[in-house]
Amino acid sequence: MTEPPTGPQDSLRLARWTATSGSNVRSRGAVVIVSGDHEWRASADGNGAIDALYRAVDKALDDVLTGHPRLLAYDIHALGEGTDTIGAVTVRIAPPDIGGERGGGEYRGEARGPNIIAASIEAYISALNAMLAEAHWSGATEAAGNRRGATVSAGVAREQRADLDEDEVPRDTTAWFER
């Protein structure tokens with residue numbers, strides 16, 4: 001069961017995510033994002049787990065944002081010593097290059113946590129929420145539609161699914177320790 005978003009109606013919330021990454025496979029990320037009674041799902045490949053997740057978010061929100069945000073900065077800082085410390089992730093984004101009021105500005109998001117991948121995706125969503133909070137973005141999530149529980153054709157459902165397609169993931173059956 002998902003919890004309702006806290007904040008404005010246009011506020012995005014990451015309902016769930018998954019990522020796979022390894023030395024002999026292409027990284028893949030999948031996300032489910034909700035806002036009010038809307039839900040968007042997508043999966044994407046990337047250069048590492050975080051890039052794959054950011055691409056999946058961009059793909060899921062393409063209709064909301066009318067394009068892909070531009071990542072301007074991505075910073076990670078350990079807030080202590082050792083492998084179990086909290087990490088702080090800060091991102092700066094610019095809106096999609098679409099011109100007009102919606103095409104300008106810079107927005108910052110920050111998140112902290114022991115899982116740097118989770119903190120990275122939360123920081124990106126936080127930056128997107130800062131952008132969507134601007135008056136000229138008002139109603140963007142509502143206008144994009146995609147209500148939860150709406151009837152969706154099988155073809156559209158396949159395109160929006162957030163599950164990994166195991167048939168498309170190359171498999172290396174050679175054990176790493178046998179090389």
# chains A, B, ... in the order shown; residues from 1 in each chain; ligands from 1
>>> residues_around(residues="A:Val34", least_positions_apart="4", cutoff="8 Å", atoms="only C-alpha atoms", output="list in words")
Pro5, Leu12, Arg13, Leu14, Ala15, His38, Glu39 and Trp40 of chain A
>>> closest_atom_pairs(of="stretch 46-79 of chain A", to="stretch 105-108 of chain A", cutoff="12 Å", atoms="only C-alpha atoms", output="tab-separated table")
residue	atom	partner	partner_atom	distance
A:Pro69	CA	A:Glu106	CA	10.1
A:Arg70	CA	A:Glu106	CA	9.4
A:Leu71	CA	A:Glu106	CA	9.7
A:Leu72	CA	A:Glu106	CA	8.5
A:Ala73	CA	A:Arg108	CA	9.1
A:Tyr74	CA	A:Arg108	CA	9.9
A:Asp75	CA	A:Arg108	CA	11.2
>>> residues_around(residues="stretch 85-92 of chain A", least_positions_apart="5", cutoff="12 Å", atoms="only C-alpha atoms", output="mmCIF file with all heavy atoms, in the first residue's frame")
data_model
loop_
_atom_site.group_PDB
_atom_site.id
_atom_site.type_symbol
_atom_site.label_atom_id
_atom_site.label_comp_id
_atom_site.auth_asym_id
_atom_site.auth_seq_id
_atom_site.Cartn_x
_atom_site.Cartn_y
_atom_site.Cartn_z
ATOM 1 N N ILE A 50 22.860 4.375 -10.784
ATOM 2 C CA ILE A 50 22.273 5.704 -10.588
ATOM 3 C C ILE A 50 21.867 6.314 -11.919
ATOM 4 O O ILE A 50 20.762 6.848 -12.065
ATOM 5 C CB ILE A 50 23.233 6.607 -9.795
ATOM 6 C CG1 ILE A 50 23.385 6.044 -8.378
ATOM 7 C CG2 ILE A 50 22.747 8.053 -9.758
ATOM 8 C CD1 ILE A 50 24.509 6.647 -7.564
ATOM 9 N N TYR A 54 18.083 7.419 -12.951
ATOM 10 C CA TYR A 54 17.766 8.781 -13.410
ATOM 11 C C TYR A 54 17.111 8.737 -14.788
ATOM 12 O O TYR A 54 16.141 9.447 -15.048
ATOM 13 C CB TYR A 54 19.028 9.643 -13.454
ATOM 14 C CG TYR A 54 19.484 10.177 -12.113
ATOM 15 C CD1 TYR A 54 19.032 9.646 -10.903
ATOM 16 C CD2 TYR A 54 20.399 11.206 -12.045
ATOM 17 C CE1 TYR A 54 19.475 10.132 -9.691
ATOM 18 C CE2 TYR A 54 20.844 11.708 -10.826
ATOM 19 C CZ TYR A 54 20.381 11.165 -9.655
ATOM 20 O OH TYR A 54 20.809 11.658 -8.454
ATOM 21 N N PRO A 69 14.978 16.601 -17.878
ATOM 22 C CA PRO A 69 15.766 17.612 -17.158
ATOM 23 C C PRO A 69 17.249 17.438 -17.480
ATOM 24 O O PRO A 69 17.691 16.359 -17.864
ATOM 25 C CB PRO A 69 15.501 17.302 -15.687
ATOM 26 C CG PRO A 69 14.351 16.381 -15.665
ATOM 27 C CD PRO A 69 14.291 15.698 -16.980
ATOM 28 N N ARG A 70 17.992 18.505 -17.296
ATOM 29 C CA ARG A 70 19.442 18.464 -17.529
ATOM 30 C C ARG A 70 20.139 18.422 -16.178
ATOM 31 O O ARG A 70 19.926 19.296 -15.345
ATOM 32 C CB ARG A 70 19.873 19.695 -18.318
ATOM 33 C CG ARG A 70 19.257 19.687 -19.728
ATOM 34 C CD ARG A 70 19.444 21.005 -20.435
ATOM 35 N NE ARG A 70 18.460 21.954 -19.873
ATOM 36 C CZ ARG A 70 18.581 23.270 -19.926
ATOM 37 N NH1 ARG A 70 19.639 23.808 -20.476
ATOM 38 N NH2 ARG A 70 17.658 24.050 -19.406
ATOM 39 N N LEU A 71 20.942 17.388 -15.959
ATOM 40 C CA LEU A 71 21.703 17.241 -14.716
ATOM 41 C C LEU A 71 22.915 18.150 -14.791
ATOM 42 O O LEU A 71 23.783 17.985 -15.642
ATOM 43 C CB LEU A 71 22.126 15.786 -14.512
ATOM 44 C CG LEU A 71 22.865 15.461 -13.230
ATOM 45 C CD1 LEU A 71 21.989 15.722 -12.010
ATOM 46 C CD2 LEU A 71 23.330 14.009 -13.244
ATOM 47 N N LEU A 72 22.990 19.150 -13.909
ATOM 48 C CA LEU A 72 24.084 20.114 -13.902
ATOM 49 C C LEU A 72 25.183 19.733 -12.929
ATOM 50 O O LEU A 72 26.356 20.005 -13.178
ATOM 51 C CB LEU A 72 23.552 21.508 -13.546
ATOM 52 C CG LEU A 72 22.439 22.053 -14.435
ATOM 53 C CD1 LEU A 72 21.947 23.378 -13.896
ATOM 54 C CD2 LEU A 72 22.904 22.176 -15.873
ATOM 55 N N ALA A 73 24.806 19.134 -11.796
ATOM 56 C CA ALA A 73 25.799 18.761 -10.788
ATOM 57 C C ALA A 73 25.273 17.598 -9.969
ATOM 58 O O ALA A 73 24.071 17.485 -9.724
ATOM 59 C CB ALA A 73 26.106 19.938 -9.876
ATOM 60 N N TYR A 74 26.200 16.740 -9.557
ATOM 61 C CA TYR A 74 25.888 15.576 -8.723
ATOM 62 C C TYR A 74 27.042 15.422 -7.742
ATOM 63 O O TYR A 74 28.188 15.238 -8.152
ATOM 64 C CB TYR A 74 25.757 14.328 -9.600
ATOM 65 C CG TYR A 74 25.612 13.039 -8.830
ATOM 66 C CD1 TYR A 74 24.367 12.628 -8.369
ATOM 67 C CD2 TYR A 74 26.709 12.232 -8.561
ATOM 68 C CE1 TYR A 74 24.228 11.442 -7.661
ATOM 69 C CE2 TYR A 74 26.581 11.051 -7.858
ATOM 70 C CZ TYR A 74 25.335 10.670 -7.415
ATOM 71 O OH TYR A 74 25.187 9.497 -6.716
ATOM 72 N N ASP A 75 26.771 15.565 -6.451
ATOM 73 C CA ASP A 75 27.815 15.489 -5.434
ATOM 74 C C ASP A 75 27.427 14.512 -4.338
ATOM 75 O O ASP A 75 26.273 14.490 -3.890
ATOM 76 C CB ASP A 75 28.044 16.856 -4.786
ATOM 77 C CG ASP A 75 28.572 17.874 -5.773
ATOM 78 O OD1 ASP A 75 29.612 17.608 -6.372
ATOM 79 O OD2 ASP A 75 27.923 18.928 -5.949
ATOM 80 N N ILE A 76 28.405 13.717 -3.890
ATOM 81 C CA ILE A 76 28.227 12.791 -2.769
ATOM 82 C C ILE A 76 29.266 13.141 -1.713
ATOM 83 O O ILE A 76 30.436 13.342 -2.046
ATOM 84 C CB ILE A 76 28.447 11.327 -3.183
ATOM 85 C CG1 ILE A 76 27.518 10.913 -4.308
ATOM 86 C CG2 ILE A 76 28.285 10.408 -1.988
ATOM 87 C CD1 ILE A 76 27.833 9.541 -4.861
ATOM 88 N N HIS A 77 28.817 13.197 -0.458
ATOM 89 C CA HIS A 77 29.747 13.441 0.649
ATOM 90 C C HIS A 77 29.429 12.485 1.784
ATOM 91 O O HIS A 77 28.269 12.337 2.164
ATOM 92 C CB HIS A 77 29.625 14.883 1.166
ATOM 93 C CG HIS A 77 30.025 15.890 0.143
ATOM 94 N ND1 HIS A 77 31.322 16.152 -0.176
ATOM 95 C CD2 HIS A 77 29.277 16.691 -0.650
ATOM 96 C CE1 HIS A 77 31.361 17.074 -1.112
ATOM 97 N NE2 HIS A 77 30.140 17.411 -1.431
ATOM 98 N N ALA A 78 30.452 11.832 2.317
ATOM 99 C CA ALA A 78 30.284 10.987 3.493
ATOM 100 C C ALA A 78 30.188 11.898 4.708
ATOM 101 O O ALA A 78 30.945 12.854 4.841
ATOM 102 C CB ALA A 78 31.470 10.044 3.636
ATOM 103 N N LEU A 79 29.252 11.614 5.592
ATOM 104 C CA LEU A 79 29.041 12.446 6.775
ATOM 105 C C LEU A 79 29.725 11.861 8.007
ATOM 106 O O LEU A 79 29.455 12.286 9.118
ATOM 107 C CB LEU A 79 27.547 12.642 7.026
ATOM 108 C CG LEU A 79 26.792 13.322 5.889
ATOM 109 C CD1 LEU A 79 25.310 13.428 6.227
ATOM 110 C CD2 LEU A 79 27.376 14.690 5.583
ATOM 111 N N GLY A 80 30.594 10.917 7.806
ATOM 112 C CA GLY A 80 31.316 10.297 8.912
ATOM 113 C C GLY A 80 32.391 9.385 8.357
ATOM 114 O O GLY A 80 32.748 9.465 7.187
ATOM 115 N N GLY A 105 15.951 28.264 -15.296
ATOM 116 C CA GLY A 105 16.120 28.095 -13.860
ATOM 117 C C GLY A 105 17.010 26.917 -13.517
ATOM 118 O O GLY A 105 17.345 26.097 -14.372
ATOM 119 N N GLU A 106 17.405 26.876 -12.256
ATOM 120 C CA GLU A 106 18.165 25.757 -11.700
ATOM 121 C C GLU A 106 17.506 25.345 -10.402
ATOM 122 O O GLU A 106 17.045 26.196 -9.642
ATOM 123 C CB GLU A 106 19.616 26.159 -11.418
ATOM 124 C CG GLU A 106 20.452 26.345 -12.639
ATOM 125 C CD GLU A 106 21.912 26.597 -12.308
ATOM 126 O OE1 GLU A 106 22.315 26.445 -11.128
ATOM 127 O OE2 GLU A 106 22.645 26.958 -13.239
ATOM 128 N N TYR A 107 17.482 24.048 -10.152
ATOM 129 C CA TYR A 107 16.792 23.525 -8.981
ATOM 130 C C TYR A 107 17.689 22.526 -8.274
ATOM 131 O O TYR A 107 18.389 21.743 -8.911
ATOM 132 C CB TYR A 107 15.461 22.895 -9.397
ATOM 133 C CG TYR A 107 14.616 23.876 -10.156
ATOM 134 C CD1 TYR A 107 14.669 23.945 -11.539
ATOM 135 C CD2 TYR A 107 13.809 24.781 -9.473
ATOM 136 C CE1 TYR A 107 13.917 24.880 -12.231
ATOM 137 C CE2 TYR A 107 13.062 25.718 -10.165
ATOM 138 C CZ TYR A 107 13.126 25.756 -11.542
ATOM 139 O OH TYR A 107 12.396 26.694 -12.220
ATOM 140 N N ARG A 108 17.637 22.546 -6.965
ATOM 141 C CA ARG A 108 18.523 21.737 -6.135
ATOM 142 C C ARG A 108 17.708 20.730 -5.333
ATOM 143 O O ARG A 108 16.611 21.025 -4.853
ATOM 144 C CB ARG A 108 19.258 22.678 -5.182
ATOM 145 C CG ARG A 108 20.263 22.032 -4.291
ATOM 146 C CD ARG A 108 20.970 23.125 -3.471
ATOM 147 N NE ARG A 108 21.969 22.584 -2.612
ATOM 148 C CZ ARG A 108 21.751 22.185 -1.364
ATOM 149 N NH1 ARG A 108 20.570 22.292 -0.827
ATOM 150 N NH2 ARG A 108 22.724 21.682 -0.647
ATOM 151 N N GLY A 109 18.256 19.546 -5.180
ATOM 152 C CA GLY A 109 17.648 18.523 -4.343
ATOM 153 C C GLY A 109 18.725 17.876 -3.496
ATOM 154 O O GLY A 109 19.872 17.774 -3.911
ATOM 155 N N GLU A 110 18.354 17.469 -2.296
ATOM 156 C CA GLU A 110 19.311 16.826 -1.401
ATOM 157 C C GLU A 110 18.617 15.699 -0.651
ATOM 158 O O GLU A 110 17.445 15.785 -0.305
ATOM 159 C CB GLU A 110 19.878 17.825 -0.398
ATOM 160 C CG GLU A 110 20.956 17.235 0.486
ATOM 161 C CD GLU A 110 21.575 18.252 1.435
ATOM 162 O OE1 GLU A 110 21.539 19.447 1.137
ATOM 163 O OE2 GLU A 110 22.095 17.816 2.473
ATOM 164 N N ALA A 111 19.373 14.635 -0.415
ATOM 165 C CA ALA A 111 18.876 13.519 0.390
ATOM 166 C C ALA A 111 20.065 12.876 1.092
ATOM 167 O O ALA A 111 21.202 12.967 0.630
ATOM 168 C CB ALA A 111 18.159 12.495 -0.476
ATOM 169 N N ARG A 112 19.778 12.244 2.222
ATOM 170 C CA ARG A 112 20.812 11.582 3.026
ATOM 171 C C ARG A 112 20.351 10.183 3.381
ATOM 172 O O ARG A 112 19.172 9.945 3.569
ATOM 173 C CB ARG A 112 21.050 12.353 4.325
ATOM 174 C CG ARG A 112 21.571 13.728 4.096
ATOM 175 C CD ARG A 112 21.590 14.531 5.368
ATOM 176 N NE ARG A 112 22.095 15.870 5.073
ATOM 177 C CZ ARG A 112 22.867 16.553 5.884
ATOM 178 N NH1 ARG A 112 23.198 16.063 7.058
ATOM 179 N NH2 ARG A 112 23.294 17.738 5.538
ATOM 180 N N GLY A 113 21.314 9.296 3.516
ATOM 181 C CA GLY A 113 20.979 7.945 3.932
ATOM 182 C C GLY A 113 22.168 7.024 3.832
ATOM 183 O O GLY A 113 23.190 7.360 3.234
ATOM 184 N N PRO A 114 22.045 5.835 4.426
ATOM 185 C CA PRO A 114 23.136 4.865 4.387
ATOM 186 C C PRO A 114 23.269 4.188 3.011
ATOM 187 O O PRO A 114 24.313 3.668 2.677
ATOM 188 C CB PRO A 114 22.753 3.846 5.457
ATOM 189 C CG PRO A 114 21.271 3.958 5.563
ATOM 190 C CD PRO A 114 20.937 5.393 5.253
ATOM 191 N N ASN A 115 22.208 4.220 2.203
ATOM 192 C CA ASN A 115 22.225 3.638 0.861
ATOM 193 C C ASN A 115 22.385 4.781 -0.132
ATOM 194 O O ASN A 115 21.464 5.558 -0.351
ATOM 195 C CB ASN A 115 20.932 2.868 0.614
ATOM 196 C CG ASN A 115 20.901 2.199 -0.745
ATOM 197 O OD1 ASN A 115 21.490 2.678 -1.718
ATOM 198 N ND2 ASN A 115 20.168 1.106 -0.820
ATOM 199 N N ILE A 116 23.544 4.897 -0.748
ATOM 200 C CA ILE A 116 23.845 6.019 -1.621
ATOM 201 C C ILE A 116 22.988 6.012 -2.888
ATOM 202 O O ILE A 116 22.676 7.064 -3.442
ATOM 203 C CB ILE A 116 25.360 6.088 -1.934
ATOM 204 C CG1 ILE A 116 25.763 7.508 -2.271
ATOM 205 C CG2 ILE A 116 25.771 5.133 -3.002
ATOM 206 C CD1 ILE A 116 25.603 8.467 -1.156
ATOM 207 N N ILE A 117 22.590 4.839 -3.355
ATOM 208 C CA ILE A 117 21.723 4.765 -4.531
ATOM 209 C C ILE A 117 20.347 5.318 -4.178
ATOM 210 O O ILE A 117 19.777 6.125 -4.918
ATOM 211 C CB ILE A 117 21.639 3.328 -5.083
ATOM 212 C CG1 ILE A 117 23.022 2.902 -5.581
ATOM 213 C CG2 ILE A 117 20.612 3.232 -6.195
ATOM 214 C CD1 ILE A 117 23.116 1.451 -5.991
ATOM 215 N N ALA A 118 19.805 4.914 -3.031
ATOM 216 C CA ALA A 118 18.506 5.433 -2.590
ATOM 217 C C ALA A 118 18.572 6.942 -2.365
ATOM 218 O O ALA A 118 17.667 7.676 -2.777
ATOM 219 C CB ALA A 118 18.064 4.724 -1.310
ATOM 220 N N ALA A 119 19.629 7.416 -1.728
ATOM 221 C CA ALA A 119 19.772 8.856 -1.498
ATOM 222 C C ALA A 119 19.889 9.604 -2.822
ATOM 223 O O ALA A 119 19.335 10.709 -2.978
ATOM 224 C CB ALA A 119 20.982 9.139 -0.618
ATOM 225 N N SER A 120 20.545 9.018 -3.804
ATOM 226 C CA SER A 120 20.708 9.660 -5.114
ATOM 227 C C SER A 120 19.376 9.839 -5.819
ATOM 228 O O SER A 120 19.084 10.903 -6.368
ATOM 229 C CB SER A 120 21.657 8.842 -5.995
ATOM 230 O OG SER A 120 22.949 8.829 -5.451
ATOM 231 N N ILE A 121 18.556 8.810 -5.816
ATOM 232 C CA ILE A 121 17.261 8.904 -6.500
ATOM 233 C C ILE A 121 16.319 9.840 -5.746
ATOM 234 O O ILE A 121 15.576 10.607 -6.348
ATOM 235 C CB ILE A 121 16.657 7.497 -6.765
ATOM 236 C CG1 ILE A 121 15.479 7.557 -7.724
ATOM 237 C CG2 ILE A 121 16.269 6.801 -5.510
ATOM 238 C CD1 ILE A 121 15.854 7.838 -9.129
ATOM 239 N N GLU A 122 16.362 9.822 -4.414
ATOM 240 C CA GLU A 122 15.538 10.749 -3.627
ATOM 241 C C GLU A 122 15.963 12.199 -3.845
ATOM 242 O O GLU A 122 15.116 13.098 -3.918
ATOM 243 C CB GLU A 122 15.600 10.392 -2.143
ATOM 244 C CG GLU A 122 14.897 9.100 -1.780
ATOM 245 C CD GLU A 122 13.377 9.150 -1.952
ATOM 246 O OE1 GLU A 122 12.797 10.254 -1.988
ATOM 247 O OE2 GLU A 122 12.778 8.063 -2.052
ATOM 248 N N ALA A 123 17.272 12.464 -3.977
ATOM 249 C CA ALA A 123 17.755 13.817 -4.236
ATOM 250 C C ALA A 123 17.263 14.305 -5.601
ATOM 251 O O ALA A 123 16.883 15.471 -5.758
ATOM 252 C CB ALA A 123 19.276 13.870 -4.159
ATOM 253 N N TYR A 124 17.255 13.420 -6.589
ATOM 254 C CA TYR A 124 16.781 13.780 -7.934
ATOM 255 C C TYR A 124 15.283 14.105 -7.896
ATOM 256 O O TYR A 124 14.856 15.108 -8.469
ATOM 257 C CB TYR A 124 17.078 12.618 -8.888
ATOM 258 C CG TYR A 124 16.957 12.965 -10.347
ATOM 259 C CD1 TYR A 124 17.699 14.006 -10.905
ATOM 260 C CD2 TYR A 124 16.130 12.240 -11.194
ATOM 261 C CE1 TYR A 124 17.607 14.308 -12.252
ATOM 262 C CE2 TYR A 124 16.038 12.526 -12.538
ATOM 263 C CZ TYR A 124 16.771 13.564 -13.069
ATOM 264 O OH TYR A 124 16.675 13.860 -14.414
ATOM 265 N N ILE A 125 14.511 13.290 -7.208
ATOM 266 C CA ILE A 125 13.070 13.552 -7.079
ATOM 267 C C ILE A 125 12.841 14.868 -6.330
ATOM 268 O O ILE A 125 11.958 15.657 -6.680
ATOM 269 C CB ILE A 125 12.350 12.375 -6.363
ATOM 270 C CG1 ILE A 125 12.430 11.100 -7.215
ATOM 271 C CG2 ILE A 125 10.914 12.724 -6.008
ATOM 272 C CD1 ILE A 125 11.630 11.124 -8.501
ATOM 273 N N SER A 126 13.649 15.142 -5.308
ATOM 274 C CA SER A 126 13.548 16.390 -4.555
ATOM 275 C C SER A 126 13.797 17.598 -5.462
ATOM 276 O O SER A 126 13.087 18.610 -5.388
ATOM 277 C CB SER A 126 14.543 16.377 -3.392
ATOM 278 O OG SER A 126 14.533 17.594 -2.708
ATOM 279 N N ALA A 127 14.790 17.515 -6.336
ATOM 280 C CA ALA A 127 15.070 18.606 -7.271
ATOM 281 C C ALA A 127 13.915 18.781 -8.257
ATOM 282 O O ALA A 127 13.520 19.912 -8.577
ATOM 283 C CB ALA A 127 16.378 18.342 -8.015
ATOM 284 N N LEU A 128 13.349 17.675 -8.728
ATOM 285 C CA LEU A 128 12.189 17.763 -9.632
ATOM 286 C C LEU A 128 10.999 18.404 -8.926
ATOM 287 O O LEU A 128 10.278 19.213 -9.521
ATOM 288 C CB LEU A 128 11.819 16.374 -10.154
ATOM 289 C CG LEU A 128 12.817 15.753 -11.123
ATOM 290 C CD1 LEU A 128 12.464 14.297 -11.387
ATOM 291 C CD2 LEU A 128 12.872 16.537 -12.416
ATOM 292 N N ALA A 130 11.183 20.591 -6.509
ATOM 293 C CA ALA A 130 11.480 22.027 -6.403
ATOM 294 C C ALA A 130 11.125 22.724 -7.710
ATOM 295 O O ALA A 130 10.559 23.827 -7.712
ATOM 296 C CB ALA A 130 12.956 22.237 -6.058
ATOM 297 N N MET A 131 11.412 22.088 -8.821
ATOM 298 C CA MET A 131 11.081 22.658 -10.125
ATOM 299 C C MET A 131 9.560 22.723 -10.324
ATOM 300 O O MET A 131 9.016 23.746 -10.737
ATOM 301 C CB MET A 131 11.725 21.823 -11.232
ATOM 302 C CG MET A 131 11.521 22.384 -12.618
ATOM 303 S SD MET A 131 12.375 21.407 -13.877
ATOM 304 C CE MET A 131 11.280 19.993 -13.995
#
>>> select_by_dssp(residues="stretch 17-155 of chain A", states="strand (DSSP E)", output="ChimeraX atom specification")
/A:17-20,27-35,38-46,70-78,87-94,107-113
>>> atom_distance(atom1="atom CA of A:Ala52", atom2="atom CA of A:Ser35")
21.5 Å
>>> closest_residue(among="A:Arg26, A:His68, A:Arg55, A:Arg102", to="A:Ala42", atoms="only C-alpha atoms")
A:Arg55
>>> closest_residue(among="A:Val31, A:Ala44, A:Pro95, A:Ser11", to="A:Ala133", atoms="only C-alpha atoms")
A:Ser11
